[in-house]
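Okay, so here's the structure we're looking at.
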Amino acid sequence: MNKIIDFKHGQAAHCENGVTSNLLNFYGIKLSEPMIFGIGSGLFFSYMPFIKMNGIPVTSFRPLPGVIFKRVTKRLGIEVKVQKFNNQNKSMLELNRLLDQGIPVGMVVGVYDLTYFPPAYRFRFNAHNIIGTGYENNNYFISDPVMEDIEKLSKEDLLKNRFAKGTYRPKGKMYYIKNLPENSETENAVKKAIKHTCKDMLTIPIPFFGLKGITTLANQIEKWPQKLGEKKAKLYLGQIVRMQEEIGTGGAGFRFMYAAFLQEAGKLLNDPNLYESSKQMTLTGDRWRDFGVLAGRIFKQREKSENAYSEAANILRDIRIKEEKVFKDLQKIIKA
Amino acid sequence: MKKEDVPQHSGNLQNGVKEIQYAVDEKGNYTQVKSVGWKPKNDALKQAVNLIDELIEDARQQVISGNKSPVFFYMHLKQMDYSILKQYTGFSKIRIKKHCRNKAFNNPDNNILKKYAECFGITVEQLKTVPQEPVKSLDYNFNFKLENNQTD
């Protein structure tokens, strides 16, 4: 028994962007990872000291898992089918049924039992996205945007990951494209998406989200060494750098990816103002990188000065000022 | 960030997989660049792995000193906590906590042992003891050795 779909795998920085881009590409809609990210309004910031994972507050540079795919398909008028399962056996039968019809299937999985994954990345993280592109005997072919090529995964391991336990249980969640629109208007989708991102970053009236969240984080970082003690303060700082860089952000908490999107959007909408916004966004990305370097020096104890935490906080304050200008400019550009 | 400035700081963390980064080329156009890693990021990941290993070693010591049962050790070794273990085994948290206490685990029911062993992916025999020496989670679980002494 085997079925192998002729599927073009593209590597991406981030799994959800990559899966969306690769799935659309299969159906002839060619959008780069940055375009998917931008159209999905994937740029966000939240710092939520009241939600902790492994005792460390959650910082995030993106919206909730699944949102990017949902927004992109909705904004482009693409009809999708999303399913969850209680029965593990049924979830595999349904997967095979679709693959047999030549339909590539997106799946939400855990990564702890992804045997082909870099071992140091195998945490109990349950919001990874992959595409099933076929099967042969007991193995499935997997297009995983993190990896450079299509990988193989045994049926048992695929099942373990599809029904991984912990936070955000995937419950066998899978999704695929059902219908394409006759003509989708990318231009409008791009405008709508930029507006949405500006609103998210500028106007949420709660100080943990968007740019207000960055200020809140800056104010808290300054207090960490006294409040938490050295060890915990370093762990908190390390976690921010992980979210900023390690979770497939393409660098600087998605800022470079968003700048790449603005550049492509400028071409698409024929608006040079967007190129300028792209450049400004790159500069804020460079500042996030400065923050990462300094944070790294602090938690590796290369930086001993007592002011280091304040310095880190000041970089974030500078980022906030710079990003505020970018998003306000973008609002004007899109309105015009 | 410029293309030529994309950091290429290898640790063995990515196990040979290169990651996509976005940077601008000489004409100012954004392009994908593959990277083997970046030092602050590598260090942050190592910090997270070391934290897990510290918890595992602490759990191992607590089993040896008789405060906790091996279930407590394997829970940490497999990066689980009470609520993940609850979801996998179907036991209530109160029961699991009881099973994690040494005294409660003196005469365990074989079916309970089997369930934990299956959940941890080990044998019932293994579940009755803990390793003599400290273990590294990546090494034990995935046969992977993290290079901790990366030079700057």
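Labels used: A, B, ... for chains in the order of the structure tokens, numbers from 1 for residues in each chain, and numbers from 1 for ligands as shown.
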> Could you name the residues that touch Val124 in chain B at 12 Å or less, counting only C-alpha atoms, but leaving out those on the same chain fewer than 6 positions away, as an NGL selection string?
Replying inline: :B and (70-71 or 74 or 108-118 or 130)
At a cut-off of 12 Å, using only C-alpha atoms, what residues contact Met1 in chain B? Leave out same-chain residues fewer than 4 positions from it and give the result as a compact mmCIF listing (two decimals) with C-alpha atoms, in the first residue's frame.
```txt
# COMPACT_ATOMS: atom_id res chain seq x y z
CA GLY A 250 13.11 34.34 10.77
CA GLY A 251 15.02 36.64 13.12
CA ALA A 252 14.16 39.44 15.56
CA ARG A 255 10.39 41.85 12.37
CA PHE A 256 12.62 40.96 9.43
CA MET A 257 9.92 38.74 7.96
CA ALA A 259 9.81 43.97 6.64
CA ALA A 260 10.14 41.47 3.77
CA SER A 278 9.96 48.15 5.23
CA LYS A 279 13.31 49.86 5.85
CA GLN A 280 12.09 51.30 9.15
CA MET A 281 10.82 47.88 10.19
CA THR A 282 14.24 46.39 9.42
CA LEU A 283 15.77 48.96 11.78
CA THR A 284 13.45 47.91 14.60
CA GLY A 285 14.45 44.32 13.85
CA ASP A 286 18.09 45.29 14.24
CA ARG A 287 17.22 46.76 17.65
CA TRP A 288 15.50 43.52 18.70
CA ARG A 289 18.75 41.79 17.75
CA ASP A 290 20.67 44.29 19.94
CA ASP B 5 25.59 39.83 8.70
CA VAL B 6 23.27 36.87 9.30
CA PRO B 7 24.97 35.07 12.17
CA GLN B 21 16.36 33.87 8.27
CA TYR B 22 15.32 36.98 6.38
CA ALA B 23 17.89 39.61 5.43
CA VAL B 24 18.52 42.18 2.71
CA ASP B 25 20.93 41.67 -0.17
CA GLU B 26 23.29 44.27 -1.69
CA GLY B 28 18.26 46.15 -0.48
CA ASN B 29 15.91 43.34 -1.48
CA TYR B 30 14.79 40.87 1.15
CA THR B 31 15.90 37.31 0.64
CA GLN B 32 16.03 34.02 2.54
CA VAL B 33 19.36 33.16 4.11
```
>> With only C-alpha atoms as the counted atoms, please give the residues lying no more than 12 Å from Gln220 in chain A, apart from itself and same-chain residues fewer than 6 positions off, as a VMD selection string.
In response: chain A and resid 47 to 49 57 208 213 to 214 226 to 228 233 236 to 237 309 to 310 312 to 314 316 to 317
Could you please take those selected residues and save N, CA and C atoms as a compact mmCIF listing (two decimals), in the first residue's frame?
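That gives us part_10.txt:
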```
# COMPACT_ATOMS: atom_id res chain seq x y z
N TYR A 47 2.97 40.15 26.18
CA TYR A 47 3.73 39.76 27.36
C TYR A 47 2.71 39.53 28.47
N MET A 48 2.57 38.27 28.89
CA MET A 48 1.50 37.94 29.82
C MET A 48 2.05 37.35 31.12
N PRO A 49 2.41 38.25 32.06
CA PRO A 49 3.02 37.77 33.31
C PRO A 49 2.08 36.87 34.11
N PRO A 57 6.90 33.55 32.72
CA PRO A 57 5.80 34.25 32.04
C PRO A 57 5.87 34.08 30.52
N PHE A 208 -0.79 44.58 28.05
CA PHE A 208 0.04 43.39 27.83
C PHE A 208 0.16 43.04 26.36
N GLY A 213 2.40 46.32 25.41
CA GLY A 213 3.03 45.14 26.02
C GLY A 213 4.54 45.26 26.07
N ILE A 214 5.12 45.87 25.03
CA ILE A 214 6.58 46.04 25.00
C ILE A 214 7.01 46.97 26.13
N GLN A 226 16.02 42.58 41.32
CA GLN A 226 15.68 42.71 42.74
C GLN A 226 14.51 41.80 43.10
N LYS A 227 13.53 41.77 42.24
CA LYS A 227 12.29 41.09 42.56
C LYS A 227 12.44 39.57 42.55
N LEU A 228 13.20 39.07 41.59
CA LEU A 228 13.22 37.62 41.38
C LEU A 228 14.52 36.95 41.82
N ALA A 233 15.72 35.76 37.19
CA ALA A 233 15.73 36.88 36.24
C ALA A 233 16.38 36.43 34.93
N TYR A 236 14.01 34.17 32.97
CA TYR A 236 12.96 34.98 32.34
C TYR A 236 13.49 35.63 31.05
N LEU A 237 14.71 36.15 31.17
CA LEU A 237 15.33 36.83 30.03
C LEU A 237 15.61 35.84 28.90
N TYR A 309 20.27 45.39 33.10
CA TYR A 309 18.82 45.18 32.93
C TYR A 309 18.13 46.47 32.50
N SER A 310 18.60 47.61 33.05
CA SER A 310 18.03 48.89 32.63
C SER A 310 18.37 49.18 31.17
N ALA A 312 18.82 46.97 28.87
CA ALA A 312 17.95 46.11 28.07
C ALA A 312 16.55 46.73 27.99
N ALA A 313 16.06 47.23 29.12
CA ALA A 313 14.74 47.87 29.15
C ALA A 313 14.71 49.07 28.21
N ASN A 314 15.83 49.82 28.20
CA ASN A 314 15.86 51.01 27.34
C ASN A 314 15.85 50.66 25.86
N LEU A 316 14.22 48.18 24.64
CA LEU A 316 12.80 47.90 24.36
C LEU A 316 12.00 49.18 24.22
N ARG A 317 12.31 50.18 25.08
CA ARG A 317 11.58 51.46 24.98
C ARG A 317 11.85 52.13 23.64
```
>> With 9 Å as the limit and counting only C-alpha atoms, what residues in chain B lie close to chain A? Please list them as JSON, numbers by chain.
In response: {"B": [1, 12, 13, 14, 15, 16, 17, 18, 19, 20, 21, 22, 23, 24, 28, 29, 30, 31, 32, 38, 39, 40, 41, 42, 43, 44, 45, 46, 47, 48, 49, 51, 79, 80, 81, 83, 84, 85, 87, 88, 138, 142, 143, 144, 146]}
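Within the 7 Å cut-off around range 176-181 of chain A, using only C-alpha atoms and omitting residues fewer than 5 positions from it on the same chain, the listed residues are Gly77, Ile78, Glu79, Val80, Lys81, Val82, Pro104, Val105 and Gly106 of chain A.
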Okay, now the selection with N, CA and C atoms, as a PDB file, in the first residue's frame?
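Output contents, as saved in selection_11.pdb:
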```
ATOM      1  N   GLY A  77     -10.385  34.120   0.198  1.00  0.00           N
ATOM      2  CA  GLY A  77     -11.596  33.449  -0.254  1.00  0.00           C
ATOM      3  C   GLY A  77     -11.409  31.971  -0.553  1.00  0.00           C
ATOM      4  N   ILE A  78     -10.474  31.337   0.163  1.00  0.00           N
ATOM      5  CA  ILE A  78     -10.212  29.913  -0.067  1.00  0.00           C
ATOM      6  C   ILE A  78     -11.021  29.091   0.932  1.00  0.00           C
ATOM      7  N   GLU A  79     -11.719  28.085   0.403  1.00  0.00           N
ATOM      8  CA  GLU A  79     -12.550  27.269   1.289  1.00  0.00           C
ATOM      9  C   GLU A  79     -11.706  26.121   1.863  1.00  0.00           C
ATOM     10  N   VAL A  80     -11.753  25.990   3.190  1.00  0.00           N
ATOM     11  CA  VAL A  80     -10.948  24.931   3.823  1.00  0.00           C
ATOM     12  C   VAL A  80     -11.828  24.037   4.681  1.00  0.00           C
ATOM     13  N   LYS A  81     -11.319  22.870   4.966  1.00  0.00           N
ATOM     14  CA  LYS A  81     -12.030  21.982   5.886  1.00  0.00           C
ATOM     15  C   LYS A  81     -11.087  21.689   7.050  1.00  0.00           C
ATOM     16  N   VAL A  82     -11.595  21.866   8.276  1.00  0.00           N
ATOM     17  CA  VAL A  82     -10.791  21.597   9.470  1.00  0.00           C
ATOM     18  C   VAL A  82     -11.494  20.529  10.294  1.00  0.00           C
ATOM     19  N   PRO A 104      -3.090  16.870  -0.277  1.00  0.00           N
ATOM     20  CA  PRO A 104      -2.133  17.026   0.831  1.00  0.00           C
ATOM     21  C   PRO A 104      -2.857  17.550   2.073  1.00  0.00           C
ATOM     22  N   VAL A 105      -2.488  17.040   3.240  1.00  0.00           N
ATOM     23  CA  VAL A 105      -3.248  17.331   4.451  1.00  0.00           C
ATOM     24  C   VAL A 105      -2.376  18.001   5.516  1.00  0.00           C
ATOM     25  N   GLY A 106      -2.772  19.190   5.927  1.00  0.00           N
ATOM     26  CA  GLY A 106      -2.091  19.865   7.027  1.00  0.00           C
ATOM     27  C   GLY A 106      -2.491  19.239   8.350  1.00  0.00           C
TER      28      GLY A 106
END
```
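Interatomic distance, CA of Tyr168 in chain A to CA of Val72 in chain A: 21.5 Å.
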> So which residues of chain B fall under alpha helix (DSSP H) by DSSP, listed as JSON, numbers by chain?
Replying inline: {"B": [39, 40, 41, 42, 43, 44, 45, 46, 47, 48, 49, 50, 51, 52, 53, 54, 55, 56, 57, 58, 59, 60, 61, 62, 63, 64, 70, 71, 72, 73, 74, 75, 76, 77, 82, 83, 84, 85, 86, 87, 88, 89, 93, 94, 95, 96, 97, 98, 99, 100, 110, 111, 112, 113, 114, 115, 116, 117, 118, 119, 120, 124, 125, 126, 127, 137, 138, 139, 140, 141, 142]}
> Near Asp58 in chain B, counting only C-alpha atoms, which residues have an atom at most 12 Å away, once you skip same-chain residues fewer than 6 positions from it, shown as a PyMOL selection string?
Replying inline: chain B and resi 51-52+64-65+67-68+72-74+76-77+134-135
Residue selection dump (N, CA, C and O atoms) as a PDB file, in the first residue's frame:
```
ATOM      1  N   LEU B  51      17.993  23.627  32.448  1.00  0.00           N
ATOM      2  CA  LEU B  51      16.996  23.748  33.510  1.00  0.00           C
ATOM      3  C   LEU B  51      16.245  22.420  33.672  1.00  0.00           C
ATOM      4  O   LEU B  51      16.019  21.957  34.789  1.00  0.00           O
ATOM      5  N   ILE B  52      15.902  21.810  32.558  1.00  0.00           N
ATOM      6  CA  ILE B  52      15.223  20.513  32.604  1.00  0.00           C
ATOM      7  C   ILE B  52      16.132  19.477  33.280  1.00  0.00           C
ATOM      8  O   ILE B  52      15.706  18.714  34.150  1.00  0.00           O
ATOM      9  N   ILE B  64      16.543   8.874  45.561  1.00  0.00           N
ATOM     10  CA  ILE B  64      17.624   8.187  46.281  1.00  0.00           C
ATOM     11  C   ILE B  64      17.496   8.415  47.783  1.00  0.00           C
ATOM     12  O   ILE B  64      17.671   7.511  48.594  1.00  0.00           O
ATOM     13  N   SER B  65      17.140   9.645  48.173  1.00  0.00           N
ATOM     14  CA  SER B  65      17.030   9.930  49.607  1.00  0.00           C
ATOM     15  C   SER B  65      15.716   9.416  50.193  1.00  0.00           C
ATOM     16  O   SER B  65      15.479   9.551  51.394  1.00  0.00           O
ATOM     17  N   ASN B  67      12.541  10.335  49.493  1.00  0.00           N
ATOM     18  CA  ASN B  67      11.395  11.246  49.563  1.00  0.00           C
ATOM     19  C   ASN B  67      10.360  10.976  48.475  1.00  0.00           C
ATOM     20  O   ASN B  67       9.183  11.243  48.653  1.00  0.00           O
ATOM     21  N   LYS B  68      10.873  10.549  47.321  1.00  0.00           N
ATOM     22  CA  LYS B  68       9.982  10.398  46.169  1.00  0.00           C
ATOM     23  C   LYS B  68      10.156   9.015  45.551  1.00  0.00           C
ATOM     24  O   LYS B  68      11.169   8.346  45.753  1.00  0.00           O
ATOM     25  N   PHE B  72       8.202   9.972  40.009  1.00  0.00           N
ATOM     26  CA  PHE B  72       8.529  11.395  40.055  1.00  0.00           C
ATOM     27  C   PHE B  72       9.746  11.697  39.177  1.00  0.00           C
ATOM     28  O   PHE B  72       9.774  12.670  38.418  1.00  0.00           O
ATOM     29  N   PHE B  73      10.740  10.823  39.249  1.00  0.00           N
ATOM     30  CA  PHE B  73      11.944  10.992  38.428  1.00  0.00           C
ATOM     31  C   PHE B  73      11.618  10.881  36.936  1.00  0.00           C
ATOM     32  O   PHE B  73      11.999  11.732  36.138  1.00  0.00           O
ATOM     33  N   TYR B  74      10.896   9.811  36.557  1.00  0.00           N
ATOM     34  CA  TYR B  74      10.623   9.609  35.128  1.00  0.00           C
ATOM     35  C   TYR B  74       9.685  10.681  34.569  1.00  0.00           C
ATOM     36  O   TYR B  74       9.768  11.040  33.403  1.00  0.00           O
ATOM     37  N   HIS B  76       9.843  13.827  35.298  1.00  0.00           N
ATOM     38  CA  HIS B  76      10.729  14.920  34.894  1.00  0.00           C
ATOM     39  C   HIS B  76      11.600  14.534  33.715  1.00  0.00           C
ATOM     40  O   HIS B  76      11.843  15.334  32.810  1.00  0.00           O
ATOM     41  N   LEU B  77      12.071  13.293  33.714  1.00  0.00           N
ATOM     42  CA  LEU B  77      12.954  12.837  32.639  1.00  0.00           C
ATOM     43  C   LEU B  77      12.253  12.936  31.285  1.00  0.00           C
ATOM     44  O   LEU B  77      12.871  13.215  30.267  1.00  0.00           O
ATOM     45  N   PRO B 134      23.892  10.728  37.489  1.00  0.00           N
ATOM     46  CA  PRO B 134      23.048  11.774  36.874  1.00  0.00           C
ATOM     47  C   PRO B 134      22.891  11.531  35.368  1.00  0.00           C
ATOM     48  O   PRO B 134      23.814  11.020  34.738  1.00  0.00           O
ATOM     49  N   VAL B 135      21.737  11.882  34.833  1.00  0.00           N
ATOM     50  CA  VAL B 135      21.535  11.708  33.389  1.00  0.00           C
ATOM     51  C   VAL B 135      21.201  13.043  32.730  1.00  0.00           C
ATOM     52  O   VAL B 135      20.670  13.957  33.366  1.00  0.00           O
TER      53      VAL B 135
END
```
> With only C-alpha atoms as the basis for distance, which of A:Ile5, A:Ile36, A:Leu158, A:Leu24 is at the shortest distance from Ala193 in chain A?
Replying inline: A:Ile36
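Residues with any atom within 7 Å of Lys155 in chain A, counting only C-alpha atoms and excluding same-chain neighbours fewer than 3 positions away, are Asn138, Asn139, Tyr140, Leu158 and Leu159 of chain A.
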> So, counting only C-alpha atoms, which residue among B:Lys86, B:Lys136, B:Lys103, B:Lys2 is closest to Gly66 in chain B?
Replying inline: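 That would be B:Lys103, the residue with the smallest distance to Gly66 in chain B.
Of the residues in range 139-214 of chain A, those that DSSP places in strand (DSSP E) on the basis of the backbone are A:Asn139, A:Tyr140, A:Phe141, A:Ile142, A:Ser143, A:Glu151, A:Lys152, A:Leu153, A:Ser154, A:Met174, A:Tyr175, A:Tyr176, A:Ile177, A:Lys178, A:Asn179.
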> In Å, how far is it from CA of Ile150 in chain A to CA of Phe85 in chain A?
Replying inline: 25.3 Å
>> Just to confirm, what's the straight-line distance from CA of Ile131 in chain A to CA of Ser46 in chain A in Å (one decimal)?
In response: 28.2 Å
